[in-house]
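Student: Input: one structure, supplied below.
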Amino acid sequence: MWKYVLKRILFLIPIMLLSSFIVFYLMSLTGDPAQAKLGEDATEEQLEMLREQMGLNDPLIVRYGRYIGNVVFHGDLGKDIWDKSVFDEYMARLPYTIYLACVSMFLTALISVPLGIIAAVRQNKWEDFTLSALAIAGMSIPNFWLGLLLMIKFALQLSWLPTSGAENGILSLILPAFCTAVPNAALITRMTRSSMLDCIRADYLRTARAKGVKEGRIVLKHALGNAIIPILTSMSNQFAILIGGSVVVETVFAWPGVGSLIINAVKAKNTNMVTGGIIMTTVFVAIILLLVDLLYAFLDPRIKAQYQGK
Amino acid sequence: MSKNSKAAAQPKRKTQGQLIWHQFKKNKGAVIGLIAFLAIVGLAIIALFIVDYDTQIAGMLIKDKLQKPSAAHIFGTDHLGRDVFLRVIYGAHYSLLIGFLGTGVSVLFGTLIGAIAGYFGGKLEWFIMRLVDVLMTIPTMLMATCVVAAFGISITNLILAIGISTAPHFARTARASVMTVRGNEYVEAAKAIGTSDFIIMFKHVMPNALSPIIVQATNRVATCIIAAASFSFLGLGVPSPLPEWGAMLSDAKPFMRTQPYLMIFPGLAIMITVLAINLIGDGLRDALDPKLKR
């Protein structure tokens, strides 16, 4: 088992190196960082000097090697166009994104799992039809537009909630968390419904019913217990996506997370910040997904058995 | 000849397309989705003929600016006096174009490399799928941001960005689907009579492996439309004078306190289009995969 864990962790290293190289390569196409730093009216000599100084004249692979070396050994992602440390800036923003993602996931689970169960238990009744219709509508609503509408209603017209920023603690979080949760909750409601339906038809439930187990217990313990794995899988994927960028919602609400950091950096042609931000986020997302996978390996007896004794 | 024996003599065989349509029709939501979708496409085509692009879409009619919805302008007018209704129906072009072409790029590249991996197997498969693993670790939105940042802001680049960032997902689906088909007897039979790999793959394997890809592609069109609107809203997609729905929302943002109706219609247009496509996607999923039907 530990061999499996070790193998997965070691496997992550080349994947991270390659994906960061792809990002590094793409971002090297954005233009000349020396020009961005000195502005339009810099002379060719000044540019050439700065390029030499910044090591921009070296081949791509050398620059990448130097960059990744600094990241791995010094935790240094370079400086942005305003000479601030990219790493520090990123780390200052990360807690906000994690905070938003956690609250949003909590809301998602709170809304979707009960609704999914109701839809499955009342299959082909009006509750099911209503919930299924709501779910597909929820999936189709652009979350940033929902955010704008709620902002108009609750922040501008009713003044119950702040329009943007993160200064008002949990109050600031309500709208962004809700908007990111709606499409996810819609998806999970559908998922819970179909996963529960698969389980409700299973033979062991018929046995449980025949034994006289109460219906509520059948649904919550026997069916949900078995239906929960695929639900958790897609929720962990959604969590990873949220960490990777509730880019638009963060920008709409000026939530100071990494998504808005990266988008603002793209607009300001702050190349180092974009590169560093995307690479760091990719690493975090990969680590989260790996942890989830490993957790399953421990929880799922089938995977465990595969690696037993190896 | 009696009616019965005539029917027996000429058994009416339904083509696969008819069977799928028959299943699809049973799903009321899907039919509503299809009608709504056709209506949107119809409006977009009509818009080409009734709208004068230079004056009504990209022009300026300052004396009419910021009018509330009325009989003359049913969705009102924006900050430059342009009719929001006309802009919304004209804007369908951009969303549909980006949604379908973005998905097209994604399906083309993803399916091709996934199918090659799944069909040939071995070292080639290992190599392709590891590459796919690498690409998939970069979150989709960030990958698209990266491509837009690298190549600049334009409609073509947005289509490429959306296409490239989702291609790995299709590669996985295509590989899995091709792997289930490649073991079938008819593929072995084709190999045995010396058919080339190229013909086997495109004539025998792909048509039978296509269902999950079609279903995924339909859903992907919907997410692409939302992604395109998101990018345009952020100022990284379709530039502002063009009436793309996301760009219109971005234009309306400064007026959201005084003219909230400007926010409603472009967003509603995105939602209805995406909803229609999602409904069609659900119908196709049920029609193409009877096992999933419930």
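All residue names refer to the structure tokens as shown: chains lettered A, B, ... in order, residues numbered from 1 in each chain, ligands numbered from 1 in order.
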Val103 (chain A): which residues within 12 Å, counting only C-alpha atoms, same-chain residues fewer than 5 positions away excluded, as a list in words?
Tutor: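 Listing them by chain and then by number gives Tyr96, Thr97, Ile98, Thr108, Ala109, Leu110, Ile170, Ser172, Leu173, Ile174, Leu175, Pro176, Ala177, Phe178, Cys179, Thr180, Ala181, Phe239, Leu242 and Ile243 of chain A.
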Student: Chain B residues within 9 Å of chain A, counting only C-alpha atoms: which ones, as an MDAnalysis selection string?
Tutor: chainID B and resid 29 130:131 133:143 145:152 222:223 226:227 229:231 233:236 246 249 253 256:257 260 263:264 267:268 270:279
Student: As an exercise, work out the distance from CA of Ile81 (chain A) to CA of Leu50 (chain A) in Å and give it to one decimal place.
Tutor: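 If I compute the distance from CA of Ile81 (chain A) to CA of Leu50 (chain A), I get 13.1 Å.
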Student: From the set A:Pro230, A:Gly169, A:Pro183, A:Gly75, which residue has the shortest atom-to-atom contact distance to Leu100 (chain A), counting only C-alpha atoms?
Tutor: A:Gly169
Student: If we count only C-alpha atoms, what is near Asn272 (chain A) at a cut-off of 7 Å, once residues fewer than 6 positions away on the same chain are taken out, given as a ChimeraX atom specification?
Tutor: /A:78-80
Student: In Å, with one decimal, what is the gap from CA of Ser132 (chain A) to CA of Ala171 (chain B)?
Tutor: 29.6 Å
Student: If we count only C-alpha atoms, what is near region 202-208 of chain B at a cut-off of 7 Å, once residues fewer than 5 positions away on the same chain are taken out, given as a list in words?
Tutor: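 Answer for this query is Val178, Val181, Arg182 and Val187 of chain B.
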Student: From a backbone DSSP assignment, name each residue in region 56-125 of chain A labelled alpha helix (DSSP H), as a ChimeraX atom specification.
Tutor: /A:60-74,86-121
Student: What gap, in Å, lies between CA of Leu94 (chain A) and CA of Ile13 (chain A)?
Tutor: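 Between these atoms lies a distance of 22.0 Å.
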Student: Show which residues sit within 12 Å of Asp286 (chain B), as a list of chain:residue names. Count only C-alpha atoms, and ignore same-chain residues fewer than 2 positions away.
Tutor: B:Leu19, B:Ile20, B:Trp21, B:His22, B:Gln23, B:Phe24, B:Lys25, B:Lys26, B:Asn27, B:Lys28, B:Gly29, B:Ala30, B:Ser211, B:Pro212, B:Ile214, B:Val215, B:Leu279, B:Ile280, B:Gly281, B:Asp282, B:Gly283, B:Leu284, B:Leu288, B:Asp289, B:Pro290, B:Lys291, B:Leu292, B:Lys293, B:Arg294
Student: Rank A:Met196, A:Ala185, A:Ile288, A:Ala135 by their smallest atom-to-atom distance to Leu224 (chain A), using only C-alpha atoms, and report the top residue only.
Tutor: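 For Leu224 (chain A), the nearest of the candidates is A:Met196.
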Student: Could you list, as a ChimeraX atom specification, every residue within 10 Å of Tyr90 (chain A), counting only C-alpha atoms and ignoring same-chain residues fewer than 2 positions away?
Tutor: /A:77,85-88,92-95,257-258,261-262,273,276-277,280-281
Student: Please dump the current selection as a short mmCIF file (atom, residue, chain, number, x, y, z; two decimals), in the first residue's frame; keep N, CA, C and O atoms.
Tutor:
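Here's the written file again-v2.cif:
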```cif
data_model
loop_
_atom_site.label_atom_id
_atom_site.label_comp_id
_atom_site.auth_asym_id
_atom_site.auth_seq_id
_atom_site.Cartn_x
_atom_site.Cartn_y
_atom_site.Cartn_z
N LEU A 77 9.44 32.78 -6.74
CA LEU A 77 8.79 32.78 -8.05
C LEU A 77 9.17 34.03 -8.84
O LEU A 77 8.51 34.38 -9.81
N SER A 85 7.47 40.43 -4.49
CA SER A 85 7.69 38.99 -4.59
C SER A 85 6.38 38.30 -4.99
O SER A 85 5.36 38.43 -4.34
N VAL A 86 6.44 37.56 -6.11
CA VAL A 86 5.25 36.86 -6.60
C VAL A 86 4.77 35.84 -5.57
O VAL A 86 3.57 35.71 -5.31
N PHE A 87 5.75 35.14 -4.96
CA PHE A 87 5.38 34.10 -4.00
C PHE A 87 4.61 34.68 -2.80
O PHE A 87 3.57 34.18 -2.41
N ASP A 88 5.14 35.79 -2.25
CA ASP A 88 4.48 36.40 -1.08
C ASP A 88 3.08 36.88 -1.44
O ASP A 88 2.12 36.66 -0.69
N ALA A 92 -0.41 35.50 0.08
CA ALA A 92 -1.31 36.40 0.80
C ALA A 92 -2.74 36.23 0.31
O ALA A 92 -3.70 36.40 1.07
N ARG A 93 -2.89 35.86 -0.98
CA ARG A 93 -4.22 35.73 -1.56
C ARG A 93 -4.83 34.34 -1.39
O ARG A 93 -6.05 34.20 -1.38
N LEU A 94 -3.96 33.34 -1.30
CA LEU A 94 -4.44 31.96 -1.28
C LEU A 94 -5.48 31.67 -0.19
O LEU A 94 -6.49 31.02 -0.47
N PRO A 95 -5.27 32.14 1.06
CA PRO A 95 -6.26 31.83 2.09
C PRO A 95 -7.67 32.26 1.71
O PRO A 95 -8.64 31.55 2.01
N GLY A 257 -8.90 36.83 -3.93
CA GLY A 257 -8.32 35.49 -4.01
C GLY A 257 -7.34 35.38 -5.16
O GLY A 257 -7.03 36.37 -5.82
N VAL A 258 -6.88 34.15 -5.43
CA VAL A 258 -5.86 33.99 -6.47
C VAL A 258 -6.46 34.14 -7.88
O VAL A 258 -5.76 34.55 -8.80
N LEU A 261 -6.43 37.69 -8.66
CA LEU A 261 -5.02 38.08 -8.77
C LEU A 261 -4.49 37.77 -10.17
O LEU A 261 -3.86 38.61 -10.82
N ILE A 262 -4.78 36.55 -10.64
CA ILE A 262 -4.25 36.12 -11.94
C ILE A 262 -4.89 36.94 -13.08
O ILE A 262 -4.18 37.42 -13.97
N MET A 273 3.75 37.30 -12.58
CA MET A 273 2.67 37.00 -11.64
C MET A 273 1.73 35.94 -12.24
O MET A 273 1.32 35.01 -11.55
N GLY A 276 3.67 32.54 -12.27
CA GLY A 276 3.78 32.02 -10.91
C GLY A 276 2.43 31.59 -10.37
O GLY A 276 2.29 30.51 -9.79
N GLY A 277 1.42 32.43 -10.59
CA GLY A 277 0.08 32.14 -10.07
C GLY A 277 -0.46 30.85 -10.65
O GLY A 277 -0.97 30.00 -9.92
N MET A 280 1.60 27.75 -9.38
CA MET A 280 1.30 27.44 -7.97
C MET A 280 -0.09 26.80 -7.85
O MET A 280 -0.27 25.81 -7.14
N THR A 281 -1.07 27.39 -8.55
CA THR A 281 -2.42 26.86 -8.46
C THR A 281 -2.47 25.43 -9.00
O THR A 281 -3.10 24.55 -8.40
#
```
Student: Given only C-alpha atoms as the basis, pick out the residue of B:His93, B:Lys14, B:His169, B:Arg285 nearest to Arg220 (chain B).
Tutor: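 Once distances to Arg220 (chain B) are computed over only C-alpha atoms, the minimum belongs to B:His169.
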